[in-house]
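J.: Input: one structure, supplied below.
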Amino acid sequence: MTFQLPQNIDTRPIAILGAGTLGRRIALMMATRGAEVRLYDPNAEVREAGVAYAQEQLPKLLETIPDGKAGTIVGFDDLGAALKGAWHVVEAVPEKLELKKSIFKQIDELSDPDAILASNSSSYPTSAFSDSVKNPARLLNMHYLMPPQATPVELMSCGKTDPAVIELIAKLLPGYGLTPYIVEAESMGFIYNRIWAAIKREALCVIAQGVAKPQVIDAIFRQAMGTRVGPCRAMDNVGLDVVLSIEEHYAHEIPGLPEAPRTLLKKMIAEGKLGVKSGQGFYDYPPKK
């Protein structure tokens, strides 16, 4: 199918669906070119916290982006209103396939016909829900890591994505302080996450087997690899509930993966240890102001 690329993108809004850990960070990055960024979430507390985070971080981020210009970040609780007029829509809802299918059916019905639709899913290719969109030529995976600290964005076709869509997004991303990487064949986990999944899974096994504590794992990893953050701290930042959801999806798709990582995560989550967002995970975190 053919797709007409969006026009007047400099003056049209961008809609981010989901104001959680990654959604608010994506909104922050998209607010660096002067346009309105609409952060949608039906949960008022999450939505307001997401908007507050992005607004607070924006001035400091703009200092690192040449020609950056502050945009406006606005919270929305009405999906149709959030999508109206947007040239670009990024889905950042939890990693549940049926939820993504449902949300993209709504996005397809409510968004402008020339809007580029992207999923930030870290484990589901958009081919898994492309039948929810009448014209999948405008649909792609657009996987962010943890901006603004990590700026890579992986772009992957749904199998029917118009190549001009990927070309346009790849051209625009550097202006938002982001670096595009094109995934050349459909892959569960894309590029970085396939490597990261093996690292975090093995770190969880080491903890579960009593070989070493999280602090020791992070210390040796940081020293050996020269990184700022070790795997346990990184999982806390993402959210252990999100880590578990992704790991369960890998286990469903790849038989034979060890159960110890999932068992450990389930135990921690049952104890209320979700990472930074709950104040406790592998580490303890001070209450948020």
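Residue numbering restarts at 1 for every chain of the structure tokens, chains are lettered A, B, ... in their displayed order, and ligands are numbered from 1 as they appear.
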Quick one: residues within 9 Å of Ile116 of chain A, only C-alpha atoms, excluding same-chain residues fewer than 6 positions away - as a list in words?
T.: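 Near Ile116 of chain A, the qualifying residues are Leu5, Pro6, Ala86, Trp87, His88, Val89, Val90, Ala137, Arg138, Leu139, Leu140 and Val165 of chain A.
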J.: Find the residues around segment 21-25 of chain A up to 6 Å (only C-alpha atoms counted), leave out those fewer than 4 positions away in its own chain, and share them as a PyMOL selection string.
T.: chain A and resi 50+92+147
J.: Got time to write the residues from that selection, N, CA and C atoms, as a PDB file, in the first residue's frame?
T.:
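Result saved to part_1.pdb:
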ATOM      1  N   GLY A  50       4.526  12.133  34.787  1.00  0.00           N
ATOM      2  CA  GLY A  50       5.262  12.103  33.526  1.00  0.00           C
ATOM      3  C   GLY A  50       5.481  13.486  32.950  1.00  0.00           C
ATOM      4  N   ALA A  92       3.816   3.610  24.000  1.00  0.00           N
ATOM      5  CA  ALA A  92       4.746   3.155  25.041  1.00  0.00           C
ATOM      6  C   ALA A  92       3.948   2.578  26.208  1.00  0.00           C
ATOM      7  N   PRO A 147      16.496   7.195  27.199  1.00  0.00           N
ATOM      8  CA  PRO A 147      16.936   8.583  27.054  1.00  0.00           C
ATOM      9  C   PRO A 147      16.582   9.386  28.305  1.00  0.00           C
TER      10      PRO A 147
END
J.: List the spatial neighbours of Ala198 of chain A as a list in words - criterion: any atom at most 12 Å away, only C-alpha atoms, same-chain residues fewer than 2 positions off excluded.
T.: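 The neighbour list is Gly189, Ile191, Tyr192, Asn193, Arg194, Ile195, Trp196, Lys200, Arg201, Glu202, Ala203, Leu204, Cys205, Pro231, Glu247, Tyr250, Leu257, Pro258 and Pro261 of chain A.
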J.: What gap, in Å, lies between atom CA of Phe190 of chain A and atom CA of Pro148 of chain A?
T.: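 These two atoms are separated by 19.8 Å.
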J.: When you draw a straight line from atom CA of Ile65 of chain A to atom CA of Gly177 of chain A, how long is it in Å?
T.: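 Between these atoms lies a distance of 5.7 Å.
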J.: I'd like to know which of A:Asn43, A:Asn135, A:Thr263, A:Thr151 is closest to Ala115 of chain A, using only C-alpha atoms.
T.: A:Asn135
J.: If we count only C-alpha atoms, what is near Tyr181 of chain A at a cut-off of 8 Å, once residues fewer than 4 positions away on the same chain are taken out, given as number ranges by chain?
T.: A: 152-155, 170
J.: With C-alpha atoms retained, write the just-selected residues as an mmCIF file, in the first residue's frame.
T.:
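As written to disk, out20.cif reads:
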data_model
loop_
_atom_site.group_PDB
_atom_site.id
_atom_site.type_symbol
_atom_site.label_atom_id
_atom_site.label_comp_id
_atom_site.auth_asym_id
_atom_site.auth_seq_id
_atom_site.Cartn_x
_atom_site.Cartn_y
_atom_site.Cartn_z
ATOM 1 C CA PRO A 152 20.108 5.110 20.392
ATOM 2 C CA VAL A 153 16.742 4.420 18.737
ATOM 3 C CA GLU A 154 16.246 1.213 16.768
ATOM 4 C CA LEU A 155 13.973 1.371 13.709
ATOM 5 C CA ALA A 170 16.140 8.337 10.629
#
J.: Just the strand (DSSP E or B) stuff from segment 110-248 of chain A, please, per backbone DSSP, written as an MDAnalysis selection string.
T.: chainID A and resid 116:119 139:144 152:157 179:182
J.: Using only C-alpha atoms, which of A:Ile246, A:Met156, A:Ala219, A:Ala164 sits nearest Glu95 of chain A?
T.: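 Going through A:Ile246, A:Met156, A:Ala219, A:Ala164 one by one, the smallest distance to Glu95 of chain A is for A:Ile246.
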J.: What does the distance between atom CA of Ile166 of chain A and atom CA of Ile26 of chain A come to in Å, to one decimal place?
T.: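 Between atom CA of Ile166 of chain A and atom CA of Ile26 of chain A the gap works out to 17.7 Å.
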